[in-house]
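Participant: Sharing a structure, written as structure tokens. Questions coming.
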Amino acid sequence: MDYDNFSVLLNYVEQGGPLAGVLLPVIEAFFPILPLVGFVIINVAVFGFFFGYLYSWIGNCIGSFLLFLFIRRVGGKRLETRIQNSRYKGTLEKIKKKNLTVLFFLYCFPFTPSFLISGAAALANMNTQRFLITMLPSKFVMILSLAFIGENVRSFFEDPIKSVLYILFILFVNLLSKKLFEKYEEHHRNN
């Protein structure tokens, strides 16, 4: 996507106002193929850092919560089979054991599939209050990191190397946090 096409997209969101800013991340929660990072970048570019972040956080939390409720109500045998046959099988088991720390850290990582995490929490029949207490602050952290990317989107077109380095730094911090968390969990399992 070039800068002109990006400007056209920004204009459409700007015309939709805050409702469009909130709805984009809600829709992404149900269709994980859509790029959440792109929606956050758009919101920050249109509404500024604070409101772009706020609308993205509200929309992503609403979407994740609605997905959680939907899967819990309808059931998710197909989703559970999909999770069981993926690399997220261990994560599902930890969430089924109501391990809120795992849920918190997974939601904090910007590129973890939130669709599967919300689905696993619903399949684990997690208490709604516990789900919200864990999801809201972790999404706060995750959306904040994406908003920082969105704040610097113009520099992506002007100085792409700087933006790529920033994204690589975020990925490195997320991978490092994941490794440290795995070590922490392993240590507590052995004690």
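Ligands are numbered from 1 in the order shown, residues from 1 within each chain, and chains are lettered A, B, ... in the order they appear in the structure tokens.
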Quick one: residues within 10 Å of Ile133 in chain A, only C-alpha atoms counted, chain neighbours fewer than 4 positions away excluded, as a PyMOL selection string?

Facilitator: chain A and resi 100+104+128-129+137-138

Participant: Which residues come within 8 Å of Gly59 in chain A, counting only C-alpha atoms, excluding same-chain residues fewer than 6 positions away, as a list of chain:residue names?

Facilitator: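 Counting only C-alpha atoms, the residues come to A:Gly21, A:Val22, A:Leu23, A:Leu24, A:Pro25, A:Val26.
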
Participant: Would you mind telling me which residue in A:Pro113, A:Gly52, A:Pro160, A:Gly63 lies nearest to Val13 in chain A when using only C-alpha atoms?

Facilitator: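 Of A:Pro113, A:Gly52, A:Pro160, A:Gly63, the one nearest Val13 in chain A is A:Gly52, counting only C-alpha atoms.
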
Participant: Which polymer residues have any atom within 12 Å of an atom of Phe47 in chain A, counting only C-alpha atoms, with same-chain residues fewer than 2 positions away left out, as an mmCIF file with C-alpha atoms, in the first residue's frame?

Facilitator:
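Output (out-v3.cif):
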```
data_model
loop_
_atom_site.group_PDB
_atom_site.id
_atom_site.type_symbol
_atom_site.label_atom_id
_atom_site.label_comp_id
_atom_site.auth_asym_id
_atom_site.auth_seq_id
_atom_site.Cartn_x
_atom_site.Cartn_y
_atom_site.Cartn_z
ATOM 1 C CA LEU A 10 -7.482 7.486 6.632
ATOM 2 C CA ASN A 11 -10.113 9.804 5.156
ATOM 3 C CA VAL A 13 -12.072 6.378 8.946
ATOM 4 C CA GLU A 14 -11.998 10.090 9.752
ATOM 5 C CA GLN A 15 -15.455 10.488 8.190
ATOM 6 C CA GLY A 16 -16.749 7.610 10.340
ATOM 7 C CA GLY A 17 -15.499 9.297 13.503
ATOM 8 C CA PRO A 18 -14.895 7.587 16.844
ATOM 9 C CA LEU A 19 -17.463 4.882 16.057
ATOM 10 C CA ALA A 20 -15.354 3.748 13.096
ATOM 11 C CA GLY A 21 -12.251 3.861 15.314
ATOM 12 C CA VAL A 22 -13.887 1.518 17.832
ATOM 13 C CA PHE A 39 -6.244 -0.665 12.512
ATOM 14 C CA VAL A 40 -4.349 0.784 15.477
ATOM 15 C CA ILE A 41 -2.013 2.640 13.119
ATOM 16 C CA ILE A 42 -5.016 4.051 11.253
ATOM 17 C CA ASN A 43 -6.715 5.129 14.491
ATOM 18 C CA VAL A 44 -3.583 6.850 15.799
ATOM 19 C CA ALA A 45 -3.016 8.568 12.454
ATOM 20 C CA PHE A 49 -2.058 9.158 19.852
ATOM 21 C CA PHE A 50 -4.345 9.352 22.903
ATOM 22 C CA PHE A 51 -7.754 8.971 21.241
ATOM 23 C CA GLY A 52 -6.444 6.581 18.590
ATOM 24 C CA TYR A 53 -5.055 4.410 21.358
ATOM 25 C CA LEU A 54 -8.239 4.725 23.442
ATOM 26 C CA TYR A 55 -10.586 3.817 20.566
ATOM 27 C CA SER A 56 -8.369 0.878 19.592
ATOM 28 C CA ALA A 147 -0.075 2.681 19.209
ATOM 29 C CA GLY A 150 1.011 4.021 14.795
ATOM 30 C CA GLU A 151 2.444 7.245 16.165
#
```

Participant: Separation of CA of Ala124 in chain A and CA of Glu28 in chain A, in Å?

Facilitator: 22.2 Å

Participant: Any idea what the distance is between CA of Pro110 in chain A and CA of Met142 in chain A?

Facilitator: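 Here the two named atoms are 5.3 Å from each other.
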